[in-house]
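Structure data follow from coords_24.pdb (PDB, C-alpha atoms and all ligand atoms):
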```pdb
ATOM      1  CA  MET F1475     123.994 115.478 232.874  1.00  0.00           C
ATOM      2  CA  ALA F1476     123.754 112.097 234.571  1.00  0.00           C
ATOM      3  CA  ALA F1477     127.501 112.004 235.012  1.00  0.00           C
ATOM      4  CA  ALA F1478     127.486 115.488 236.478  1.00  0.00           C
ATOM      5  CA  MET F1479     124.744 114.545 238.949  1.00  0.00           C
ATOM      6  CA  LEU F1480     126.637 111.414 239.882  1.00  0.00           C
ATOM      7  CA  ALA F1481     129.750 113.453 240.452  1.00  0.00           C
ATOM      8  CA  LEU F1482     127.803 115.905 242.576  1.00  0.00           C
ATOM      9  CA  ILE F1483     126.233 113.154 244.673  1.00  0.00           C
ATOM     10  CA  ASN F1484     129.612 111.550 245.048  1.00  0.00           C
ATOM     11  CA  LEU F1485     131.168 114.830 246.078  1.00  0.00           C
ATOM     12  CA  THR F1486     128.568 115.588 248.741  1.00  0.00           C
ATOM     13  CA  ALA F1487     128.029 112.038 249.985  1.00  0.00           C
ATOM     14  CA  CYS F1488     131.555 110.850 250.407  1.00  0.00           C
ATOM     15  CA  GLN F1489     134.112 113.550 250.129  1.00  0.00           C
ATOM     16  CA  THR F1490     136.888 111.556 251.642  1.00  0.00           C
ATOM     17  CA  ARG F1491     136.661 108.647 249.284  1.00  0.00           C
ATOM     18  CA  PRO F1492     138.439 108.751 245.990  1.00  0.00           C
ATOM     19  CA  ALA F1493     136.174 109.640 243.128  1.00  0.00           C
ATOM     20  CA  PRO F1494     134.932 106.588 241.254  1.00  0.00           C
ATOM     21  CA  SER F1495     136.658 106.141 237.995  1.00  0.00           C
ATOM     22  CA  VAL F1496     134.032 107.075 235.476  1.00  0.00           C
ATOM     23  CA  SER F1497     134.623 105.595 232.113  1.00  0.00           C
ATOM     24  CA  VAL F1498     133.861 108.321 229.641  1.00  0.00           C
ATOM     25  CA  THR F1499     133.331 107.057 226.140  1.00  0.00           C
ATOM     26  CA  THR F1500     134.460 109.693 223.685  1.00  0.00           C
ATOM     27  CA  PRO F1501     132.389 109.448 220.534  1.00  0.00           C
ATOM     28  CA  PRO F1502     134.418 109.177 217.356  1.00  0.00           C
ATOM     29  CA  SER F1503     135.025 112.614 215.931  1.00  0.00           C
ATOM     30  CA  THR F1504     132.482 113.530 213.310  1.00  0.00           C
ATOM     31  CA  SER F1505     134.744 116.203 211.879  1.00  0.00           C
ATOM     32  CA  VAL F1506     137.085 113.667 210.336  1.00  0.00           C
ATOM     33  CA  ARG F1507     136.891 114.093 206.590  1.00  0.00           C
ATOM     34  CA  ALA F1508     138.439 112.375 203.640  1.00  0.00           C
ATOM     35  CA  PRO F1509     142.010 113.621 203.309  1.00  0.00           C
ATOM     36  CA  GLY F1510     141.145 115.555 200.162  1.00  0.00           C
ATOM     37  CA  ILE F1511     143.378 117.258 197.671  1.00  0.00           C
ATOM     38  CA  ARG F1512     145.845 119.708 199.150  1.00  0.00           C
ATOM     39  CA  THR F1513     147.887 120.591 196.087  1.00  0.00           C
ATOM     40  CA  ALA F1514     147.397 120.630 192.336  1.00  0.00           C
ATOM     41  CA  SER F1515     149.484 121.900 189.470  1.00  0.00           C
ATOM     42  CA  ALA F1516     149.430 122.662 185.777  1.00  0.00           C
ATOM     43  CA  GLN F1517     152.434 122.366 183.493  1.00  0.00           C
ATOM     44  CA  LEU F1518     152.028 125.051 180.859  1.00  0.00           C
ATOM     45  CA  ASN F1519     153.139 124.051 177.403  1.00  0.00           C
ATOM     46  CA  PRO F1520     153.435 126.385 174.412  1.00  0.00           C
ATOM     47  CA  THR F1521     150.751 126.356 171.769  1.00  0.00           C
ATOM     48  CA  GLN F1522     151.817 126.169 168.141  1.00  0.00           C
ATOM     49  CA  GLY F1523     154.192 129.009 167.254  1.00  0.00           C
ATOM     50  CA  SER F1524     154.535 130.099 170.883  1.00  0.00           C
ATOM     51  CA  SER F1525     157.467 129.748 173.261  1.00  0.00           C
ATOM     52  CA  VAL F1526     155.485 130.485 176.413  1.00  0.00           C
ATOM     53  CA  LYS F1527     155.803 127.845 179.081  1.00  0.00           C
ATOM     54  CA  GLY F1528     155.781 127.489 182.833  1.00  0.00           C
ATOM     55  CA  LYS F1529     154.089 126.065 185.841  1.00  0.00           C
ATOM     56  CA  VAL F1530     151.151 126.981 188.033  1.00  0.00           C
ATOM     57  CA  SER F1531     150.779 125.505 191.503  1.00  0.00           C
ATOM     58  CA  PHE F1532     147.584 125.500 193.550  1.00  0.00           C
ATOM     59  CA  ILE F1533     147.976 124.983 197.281  1.00  0.00           C
ATOM     60  CA  ARG F1534     145.119 124.736 199.743  1.00  0.00           C
ATOM     61  CA  VAL F1535     145.661 127.232 202.555  1.00  0.00           C
ATOM     62  CA  GLU F1536     143.536 128.260 205.519  1.00  0.00           C
ATOM     63  CA  ASN F1537     141.713 131.051 203.723  1.00  0.00           C
ATOM     64  CA  GLY F1538     141.460 129.725 200.177  1.00  0.00           C
ATOM     65  CA  ILE F1539     143.705 128.348 197.491  1.00  0.00           C
ATOM     66  CA  ARG F1540     147.117 129.889 196.911  1.00  0.00           C
ATOM     67  CA  VAL F1541     148.067 130.265 193.260  1.00  0.00           C
ATOM     68  CA  VAL F1542     151.751 130.469 192.362  1.00  0.00           C
ATOM     69  CA  ALA F1543     152.695 130.876 188.715  1.00  0.00           C
ATOM     70  CA  ASP F1544     156.044 131.114 186.974  1.00  0.00           C
ATOM     71  CA  VAL F1545     155.926 131.645 183.243  1.00  0.00           C
ATOM     72  CA  THR F1546     158.633 132.407 180.687  1.00  0.00           C
ATOM     73  CA  GLY F1547     158.788 133.253 176.988  1.00  0.00           C
ATOM     74  CA  LEU F1548     156.253 136.072 177.194  1.00  0.00           C
ATOM     75  CA  THR F1549     156.365 139.478 175.575  1.00  0.00           C
ATOM     76  CA  PRO F1550     156.858 142.131 178.277  1.00  0.00           C
ATOM     77  CA  GLY F1551     153.634 143.383 179.831  1.00  0.00           C
ATOM     78  CA  PRO F1552     150.260 141.938 180.822  1.00  0.00           C
ATOM     79  CA  HIS F1553     148.845 138.649 179.558  1.00  0.00           C
ATOM     80  CA  GLY F1554     145.403 137.222 180.201  1.00  0.00           C
ATOM     81  CA  PHE F1555     145.559 134.417 182.738  1.00  0.00           C
ATOM     82  CA  HIS F1556     142.560 132.153 183.230  1.00  0.00           C
ATOM     83  CA  VAL F1557     141.232 128.746 184.115  1.00  0.00           C
ATOM     84  CA  HIS F1558     139.298 127.412 181.135  1.00  0.00           C
ATOM     85  CA  GLU F1559     136.458 124.932 181.336  1.00  0.00           C
ATOM     86  CA  LYS F1560     137.978 121.875 179.632  1.00  0.00           C
ATOM     87  CA  GLY F1561     141.162 120.100 180.616  1.00  0.00           C
ATOM     88  CA  ASP F1562     142.090 119.571 176.991  1.00  0.00           C
ATOM     89  CA  CYS F1563     145.166 121.236 175.527  1.00  0.00           C
ATOM     90  CA  SER F1564     145.304 119.003 172.450  1.00  0.00           C
ATOM     91  CA  ALA F1565     144.392 121.620 169.840  1.00  0.00           C
ATOM     92  CA  PRO F1566     147.470 123.377 168.395  1.00  0.00           C
ATOM     93  CA  ASP F1567     145.926 126.759 169.257  1.00  0.00           C
ATOM     94  CA  GLY F1568     144.614 125.700 172.668  1.00  0.00           C
ATOM     95  CA  SER F1569     141.004 126.165 171.581  1.00  0.00           C
ATOM     96  CA  SER F1570     140.172 122.679 172.904  1.00  0.00           C
ATOM     97  CA  ALA F1571     140.275 124.119 176.441  1.00  0.00           C
ATOM     98  CA  GLY F1572     136.976 125.850 175.702  1.00  0.00           C
ATOM     99  CA  ALA F1573     135.708 129.031 177.311  1.00  0.00           C
ATOM    100  CA  HIS F1574     136.546 130.502 180.701  1.00  0.00           C
ATOM    101  CA  PHE F1575     135.578 128.247 183.598  1.00  0.00           C
ATOM    102  CA  ASN F1576     132.241 129.767 184.572  1.00  0.00           C
ATOM    103  CA  PRO F1577     130.172 127.353 186.679  1.00  0.00           C
ATOM    104  CA  TYR F1578     127.885 130.102 188.007  1.00  0.00           C
ATOM    105  CA  GLY F1579     127.081 131.690 184.659  1.00  0.00           C
ATOM    106  CA  THR F1580     128.409 135.134 185.588  1.00  0.00           C
ATOM    107  CA  THR F1581     130.079 137.829 183.502  1.00  0.00           C
ATOM    108  CA  HIS F1582     133.804 138.126 182.844  1.00  0.00           C
ATOM    109  CA  GLY F1583     135.817 140.319 185.202  1.00  0.00           C
ATOM    110  CA  ASP F1584     138.995 140.933 187.126  1.00  0.00           C
ATOM    111  CA  LEU F1585     140.376 138.609 189.796  1.00  0.00           C
ATOM    112  CA  HIS F1586     139.076 140.817 192.600  1.00  0.00           C
ATOM    113  CA  ALA F1587     135.849 141.956 190.943  1.00  0.00           C
ATOM    114  CA  ASP F1588     132.509 141.065 192.519  1.00  0.00           C
ATOM    115  CA  GLN F1589     131.385 139.619 189.208  1.00  0.00           C
ATOM    116  CA  ARG F1590     133.878 137.352 187.548  1.00  0.00           C
ATOM    117  CA  HIS F1591     134.152 133.893 186.129  1.00  0.00           C
ATOM    118  CA  VAL F1592     135.587 131.461 188.656  1.00  0.00           C
ATOM    119  CA  GLY F1593     138.422 131.071 186.145  1.00  0.00           C
ATOM    120  CA  ASP F1594     139.265 134.773 185.912  1.00  0.00           C
ATOM    121  CA  PHE F1595     142.739 135.463 187.287  1.00  0.00           C
ATOM    122  CA  GLY F1596     143.257 138.819 185.554  1.00  0.00           C
ATOM    123  CA  ASN F1597     146.708 139.246 184.036  1.00  0.00           C
ATOM    124  CA  LEU F1598     150.199 137.927 184.448  1.00  0.00           C
ATOM    125  CA  VAL F1599     152.674 140.761 183.990  1.00  0.00           C
ATOM    126  CA  ALA F1600     155.935 139.828 182.315  1.00  0.00           C
ATOM    127  CA  ASP F1601     159.130 141.777 182.918  1.00  0.00           C
ATOM    128  CA  ASN F1602     161.542 142.831 180.179  1.00  0.00           C
ATOM    129  CA  SER F1603     163.009 139.334 180.056  1.00  0.00           C
ATOM    130  CA  GLY F1604     159.555 137.870 179.396  1.00  0.00           C
ATOM    131  CA  THR F1605     159.234 136.274 182.797  1.00  0.00           C
ATOM    132  CA  ALA F1606     156.162 136.546 184.987  1.00  0.00           C
ATOM    133  CA  HIS F1607     155.632 135.508 188.586  1.00  0.00           C
ATOM    134  CA  VAL F1608     152.450 135.791 190.615  1.00  0.00           C
ATOM    135  CA  ASP F1609     151.484 134.529 194.037  1.00  0.00           C
ATOM    136  CA  PHE F1610     148.029 135.186 195.441  1.00  0.00           C
ATOM    137  CA  VAL F1611     145.285 133.499 197.441  1.00  0.00           C
ATOM    138  CA  ASP F1612     141.914 133.107 195.750  1.00  0.00           C
ATOM    139  CA  VAL F1613     138.633 132.298 197.479  1.00  0.00           C
ATOM    140  CA  ARG F1614     136.549 131.525 194.386  1.00  0.00           C
ATOM    141  CA  ILE F1615     138.378 128.472 193.101  1.00  0.00           C
ATOM    142  CA  ALA F1616     138.138 125.138 194.901  1.00  0.00           C
ATOM    143  CA  PHE F1617     139.318 121.542 194.807  1.00  0.00           C
ATOM    144  CA  GLU F1618     135.807 120.146 195.169  1.00  0.00           C
ATOM    145  CA  GLY F1619     132.254 121.014 194.287  1.00  0.00           C
ATOM    146  CA  LEU F1620     130.978 123.209 191.494  1.00  0.00           C
ATOM    147  CA  ALA F1621     134.008 125.517 191.554  1.00  0.00           C
ATOM    148  CA  SER F1622     136.565 122.713 191.417  1.00  0.00           C
ATOM    149  CA  ILE F1623     139.393 123.543 189.046  1.00  0.00           C
ATOM    150  CA  LEU F1624     140.702 119.981 188.967  1.00  0.00           C
ATOM    151  CA  GLY F1625     140.678 118.637 185.451  1.00  0.00           C
ATOM    152  CA  LYS F1626     140.287 122.108 183.970  1.00  0.00           C
ATOM    153  CA  ALA F1627     143.007 123.983 182.066  1.00  0.00           C
ATOM    154  CA  VAL F1628     145.114 127.062 182.695  1.00  0.00           C
ATOM    155  CA  ILE F1629     145.586 129.330 179.691  1.00  0.00           C
ATOM    156  CA  VAL F1630     148.049 132.194 179.318  1.00  0.00           C
ATOM    157  CA  HIS F1631     147.157 134.530 176.476  1.00  0.00           C
ATOM    158  CA  ALA F1632     149.274 136.465 174.006  1.00  0.00           C
ATOM    159  CA  ASN F1633     147.508 139.741 174.811  1.00  0.00           C
ATOM    160  CA  PRO F1634     146.266 141.562 177.903  1.00  0.00           C
ATOM    161  CA  ASP F1635     142.895 140.762 179.424  1.00  0.00           C
ATOM    162  CA  ASP F1636     141.135 144.151 179.418  1.00  0.00           C
ATOM    163  CA  LEU F1637     139.022 142.851 182.349  1.00  0.00           C
ATOM    164  CA  VAL F1638     135.868 144.342 180.811  1.00  0.00           C
ATOM    165  CA  SER F1639     135.153 142.889 177.365  1.00  0.00           C
ATOM    166  CA  GLN F1640     132.726 139.957 177.287  1.00  0.00           C
ATOM    167  CA  PRO F1641     132.976 137.088 177.379  1.00  0.00           C
ATOM    168  CA  ALA F1642     136.733 136.760 177.720  1.00  0.00           C
ATOM    169  CA  GLY F1643     138.517 140.099 178.082  1.00  0.00           C
ATOM    170  CA  ASN F1644     139.689 140.206 174.469  1.00  0.00           C
ATOM    171  CA  ALA F1645     142.969 138.575 175.473  1.00  0.00           C
ATOM    172  CA  GLY F1646     143.814 137.253 172.037  1.00  0.00           C
ATOM    173  CA  PRO F1647     145.447 133.970 171.067  1.00  0.00           C
ATOM    174  CA  ARG F1648     146.253 131.269 173.593  1.00  0.00           C
ATOM    175  CA  ALA F1649     150.006 131.175 174.140  1.00  0.00           C
ATOM    176  CA  ALA F1650     150.270 128.324 176.619  1.00  0.00           C
ATOM    177  CA  CYS F1651     147.996 125.664 178.033  1.00  0.00           C
ATOM    178  CA  GLY F1652     148.198 123.198 180.911  1.00  0.00           C
ATOM    179  CA  VAL F1653     145.773 120.778 182.532  1.00  0.00           C
ATOM    180  CA  ILE F1654     145.266 121.136 186.294  1.00  0.00           C
ATOM    181  CA  GLU F1655     146.023 117.844 187.987  1.00  0.00           C
ATOM    182  CA  PRO F1656     146.117 116.857 191.643  1.00  0.00           C
ATOM    183  CA  VAL F1657     149.586 116.406 193.100  1.00  0.00           C
ATOM    184  CA  PRO F1658     149.772 113.143 195.049  1.00  0.00           C
TER
HETATM  185 CU    CU F1701     141.756 132.577 178.830  1.00  0.00          CU
HETATM  186 ZN    ZN F1702     136.472 135.239 182.170  1.00  0.00          ZN
END
```
Please express the file's structure as structure tokens.
Amino acid sequence: MAAAMLALINLTACQTRPAPSVSVTTPPSTSVRAPGIRTASAQLNPTQGSSVKGKVSFIRVENGIRVVADVTGLTPGPHGFHVHEKGDCSAPDGSSAGAHFNPYGTTHGDLHADQRHVGDFGNLVADNSGTAHVDFVDVRIAFEGLASILGKAVIVHANPDDLVSQPAGNAGPRAACGVIEPVP
């Protein structure tokens, strides 16, 4: 305001003189944030007796987090695909990864359902060669805060997630497991 008044006075008082050089101090931007995690990934390793393996990448995009998964060694058809609450794949059957990642205490559901666990990604669908590929953007998962998937685990199941049964879609044994880690 003061600068504007000064400029106005200057303009009316002495139009022929060059405007005084006003030193404007730009305050440091308050929108600068810590760089943050932009990408994370999980290497999926087979559980005991399984040959399912693959990789899931998580990439921060403008409108959420993009999830890209490539998995092999599956039986053709749908397979439950979730983030589980513990980043621990040490048990031979993958049970050490715990239940579905559910920080808000909601019910199990499909990826696009109103009610779902944060970790609910629905199903991966394998083709006749046992390969599955998915690529979608999710708005429920995050790299920070309560919904952060960092340090959690991705599980691919032997059976389809029926998207209805509680608490985990009746997706059967865990066929592959991988811990979600930030990519430097
Ligand atoms: Cu699961
Ligand atoms: Zn679930």
Once you count only C-alpha atoms and all ligand atoms, which residues end up within 9 Å of ligand ZN 1702 (chain F), and could you hand them over as an NGL selection string?
:F and (1556-1558 or 1573-1576 or 1580-1584 or 1590-1596 or 1635 or 1637 or 1640-1643)
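Atom pair atom CA of Lys1529 of chain F / atom CA of Ile1511 of chain F: separated by 18.2 Å.
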Assuming 4 Å of padding per side, give the centre and edge lengths of the axis-aligned box around every listed atom of segment 1586-1591 of chain F, in Å to one decimal and as JSON.
```
{"center_x": 135.2, "center_y": 137.9, "center_z": 189.4, "size_x": 15.7, "size_y": 16.1, "size_z": 14.5}
```
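Comparing the minimum interatomic distances between Gly1572 of chain F and each of F:Lys1560, F:Gly1547, F:Glu1618, F:His1553, counting only C-alpha atoms, we find that F:Lys1560 sits nearest.
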Atomic distance atom CA of Val1545 of chain F - atom CA of Asn1644 of chain F, expressed in Å with one decimal
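For atom CA of Val1545 of chain F relative to atom CA of Asn1644 of chain F, the distance reads 20.3 Å.
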Quick one: pull the distance between atom CA of Phe1617 of chain F and atom CA of Gly1561 of chain F, Å, one decimal.
14.4 Å
Set the distance at 12 Å and use only C-alpha atoms: which residues neighbour Gly1528 of chain F once local chain neighbours fewer than 5 positions away are removed? I'd like the list as a PyMOL selection string.
chain F and resi 1515-1520+1542-1548+1598+1604-1608+1628-1630+1649-1652
Could you pull the residues within 8 Å of Asp1612 of chain F, counting all atoms listed in the file, minus those fewer than 4 positions along the same chain, as a list in words?
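Within the cut-off, the hits are Gly1538, Ile1539, Arg1540 and Val1541 of chain F.
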Got time to write the residues from that selection, C-alpha atoms, as a PDB file, in the coordinates of the input?
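In the end it all went to out.pdb:
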```
ATOM      1  CA  GLY F1538     141.460 129.725 200.177  1.00  0.00           C
ATOM      2  CA  ILE F1539     143.705 128.348 197.491  1.00  0.00           C
ATOM      3  CA  ARG F1540     147.117 129.889 196.911  1.00  0.00           C
ATOM      4  CA  VAL F1541     148.067 130.265 193.260  1.00  0.00           C
TER       5      VAL F1541
END
```
Which is closest to ligand CU 1701 (chain F) among F:Gly1625, F:Gly1554, F:Ile1654, F:Ser1603, if we use only C-alpha atoms and all ligand atoms?
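Using only C-alpha atoms and all ligand atoms, ligand CU 1701 (chain F) sits closest to F:Gly1554.
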Counting only C-alpha atoms and all ligand atoms, the residue among F:Asp1588, F:Phe1532, F:Ser1569, F:Gly1619 that lies closest to ligand CU 1701 (chain F) is F:Ser1569
Nearest residue to ligand CU 1701 (chain F) out of F:Ala1565, F:Ala1571, F:Val1653, F:Val1638, using only C-alpha atoms and all ligand atoms?
F:Ala1571
Residues within 8 Å of Gly1551 of chain F, only C-alpha atoms, excluding chain neighbours under 5 positions, as a VMD selection string
chain F and resid 1598 to 1602 1634
Next, dump the selected residues to file, keeping only C-alpha atoms, as an mmCIF file, in the frame of the given file.
```cif
data_model
loop_
_atom_site.group_PDB
_atom_site.id
_atom_site.type_symbol
_atom_site.label_atom_id
_atom_site.label_comp_id
_atom_site.auth_asym_id
_atom_site.auth_seq_id
_atom_site.Cartn_x
_atom_site.Cartn_y
_atom_site.Cartn_z
ATOM 1 C CA LEU F 1598 150.199 137.927 184.448
ATOM 2 C CA VAL F 1599 152.674 140.761 183.990
ATOM 3 C CA ALA F 1600 155.935 139.828 182.315
ATOM 4 C CA ASP F 1601 159.130 141.777 182.918
ATOM 5 C CA ASN F 1602 161.542 142.831 180.179
ATOM 6 C CA PRO F 1634 146.266 141.562 177.903
#
```
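Among the candidates F:Ala1621, F:Ala1616, F:Val1526, F:Ile1533, the one nearest to Arg1648 of chain F when counting only C-alpha atoms is F:Val1526.
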I'd like to know which of F:Ala1632, F:Ser1525, F:Asp1562, F:Gly1579 is closest to ligand CU 1701 (chain F), using all atoms listed in the file.
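Nearest to ligand CU 1701 (chain F): F:Ala1632.
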Would you pull segment 1585-1614 of chain F out of the block just shown and save N, CA and C atoms as a JSON list (two decimals), in the first residue's frame?
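To be explicit, this is the file written out as selection-v7.json:
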```
[["chain", "number", "residue", "atom", "x", "y", "z"],
["F", 1585, "LEU", "N", -10.95, -51.45, -5.25],
["F", 1585, "LEU", "CA", -10.09, -50.28, -5.44],
["F", 1585, "LEU", "C", -10.90, -48.99, -5.54],
["F", 1586, "HIS", "N", -12.01, -49.04, -6.28],
["F", 1586, "HIS", "CA", -12.77, -47.81, -6.52],
["F", 1586, "HIS", "C", -14.02, -47.69, -5.65],
["F", 1587, "ALA", "N", -14.13, -48.57, -4.65],
["F", 1587, "ALA", "CA", -15.29, -48.50, -3.76],
["F", 1587, "ALA", "C", -15.14, -47.32, -2.80],
["F", 1588, "ASP", "N", -16.29, -46.79, -2.34],
["F", 1588, "ASP", "CA", -16.24, -45.72, -1.35],
["F", 1588, "ASP", "C", -15.58, -46.20, -0.07],
["F", 1589, "GLN", "N", -15.99, -47.39, 0.35],
["F", 1589, "GLN", "CA", -15.41, -48.00, 1.55],
["F", 1589, "GLN", "C", -14.40, -49.05, 1.13],
["F", 1590, "ARG", "N", -13.18, -48.83, 1.50],
["F", 1590, "ARG", "CA", -12.14, -49.82, 1.23],
["F", 1590, "ARG", "C", -11.01, -49.58, 2.21],
["F", 1591, "HIS", "N", -10.19, -50.59, 2.39],
["F", 1591, "HIS", "CA", -8.94, -50.38, 3.11],
["F", 1591, "HIS", "C", -8.04, -49.53, 2.21],
["F", 1592, "VAL", "N", -7.19, -48.73, 2.81],
["F", 1592, "VAL", "CA", -6.23, -47.98, 1.99],
["F", 1592, "VAL", "C", -5.42, -48.96, 1.13],
["F", 1593, "GLY", "N", -5.18, -50.15, 1.66],
["F", 1593, "GLY", "CA", -4.37, -51.14, 0.93],
["F", 1593, "GLY", "C", -5.11, -51.95, -0.11],
["F", 1594, "ASP", "N", -6.38, -51.70, -0.33],
["F", 1594, "ASP", "CA", -7.15, -52.52, -1.27],
["F", 1594, "ASP", "C", -6.97, -52.07, -2.71],
["F", 1595, "PHE", "N", -6.30, -52.92, -3.49],
["F", 1595, "PHE", "CA", -6.08, -52.61, -4.91],
["F", 1595, "PHE", "C", -6.92, -53.52, -5.82],
["F", 1596, "GLY", "N", -7.85, -54.29, -5.24],
["F", 1596, "GLY", "CA", -8.66, -55.16, -6.08],
["F", 1596, "GLY", "C", -7.89, -56.39, -6.54],
["F", 1597, "ASN", "N", -7.92, -56.64, -7.83],
["F", 1597, "ASN", "CA", -7.25, -57.82, -8.40],
["F", 1597, "ASN", "C", -6.29, -57.45, -9.51],
["F", 1598, "LEU", "N", -5.24, -58.27, -9.59],
["F", 1598, "LEU", "CA", -4.40, -58.31, -10.78],
["F", 1598, "LEU", "C", -4.99, -59.41, -11.65],
["F", 1599, "VAL", "N", -5.07, -59.20, -12.94],
["F", 1599, "VAL", "CA", -5.60, -60.24, -13.81],
["F", 1599, "VAL", "C", -4.49, -60.77, -14.71],
["F", 1600, "ALA", "N", -4.18, -62.04, -14.53],
["F", 1600, "ALA", "CA", -3.10, -62.65, -15.32],
["F", 1600, "ALA", "C", -3.64, -63.21, -16.62],
["F", 1601, "ASP", "N", -2.86, -63.07, -17.67],
["F", 1601, "ASP", "CA", -3.23, -63.65, -18.97],
["F", 1601, "ASP", "C", -2.89, -65.14, -18.98],
["F", 1602, "ASN", "N", -3.05, -65.76, -20.14],
["F", 1602, "ASN", "CA", -2.83, -67.21, -20.23],
["F", 1602, "ASN", "C", -1.38, -67.62, -19.99],
["F", 1603, "SER", "N", -0.46, -66.66, -20.11],
["F", 1603, "SER", "CA", 0.93, -66.99, -19.82],
["F", 1603, "SER", "C", 1.28, -66.72, -18.36],
["F", 1604, "GLY", "N", 0.28, -66.30, -17.57],
["F", 1604, "GLY", "CA", 0.51, -66.07, -16.15],
["F", 1604, "GLY", "C", 1.12, -64.72, -15.82],
["F", 1605, "THR", "N", 1.02, -63.81, -16.78],
["F", 1605, "THR", "CA", 1.60, -62.48, -16.59],
["F", 1605, "THR", "C", 0.50, -61.46, -16.37],
["F", 1606, "ALA", "N", 0.71, -60.57, -15.43],
["F", 1606, "ALA", "CA", -0.26, -59.51, -15.16],
["F", 1606, "ALA", "C", 0.44, -58.17, -15.20],
["F", 1607, "HIS", "N", -0.28, -57.19, -15.74],
["F", 1607, "HIS", "CA", 0.23, -55.81, -15.77],
["F", 1607, "HIS", "C", -0.92, -54.88, -15.42],
["F", 1608, "VAL", "N", -0.69, -54.00, -14.46],
["F", 1608, "VAL", "CA", -1.69, -52.95, -14.19],
["F", 1608, "VAL", "C", -0.99, -51.61, -14.06],
["F", 1609, "ASP", "N", -1.74, -50.57, -14.31],
["F", 1609, "ASP", "CA", -1.22, -49.21, -14.28],
["F", 1609, "ASP", "C", -2.41, -48.31, -13.96],
["F", 1610, "PHE", "N", -2.44, -47.79, -12.76],
["F", 1610, "PHE", "CA", -3.56, -46.92, -12.38],
["F", 1610, "PHE", "C", -3.07, -45.85, -11.42],
["F", 1611, "VAL", "N", -3.87, -44.82, -11.24],
["F", 1611, "VAL", "CA", -3.55, -43.77, -10.28],
["F", 1611, "VAL", "C", -4.53, -43.89, -9.12],
["F", 1612, "ASP", "N", -3.97, -43.94, -7.91],
["F", 1612, "ASP", "CA", -4.81, -44.07, -6.71],
["F", 1612, "ASP", "C", -4.69, -42.80, -5.87],
["F", 1613, "VAL", "N", -5.82, -42.40, -5.28],
["F", 1613, "VAL", "CA", -5.81, -41.19, -4.45],
["F", 1613, "VAL", "C", -5.83, -41.50, -2.96],
["F", 1614, "ARG", "N", -5.96, -42.78, -2.61],
["F", 1614, "ARG", "CA", -6.05, -43.11, -1.17],
["F", 1614, "ARG", "C", -4.67, -43.35, -0.55]]
```
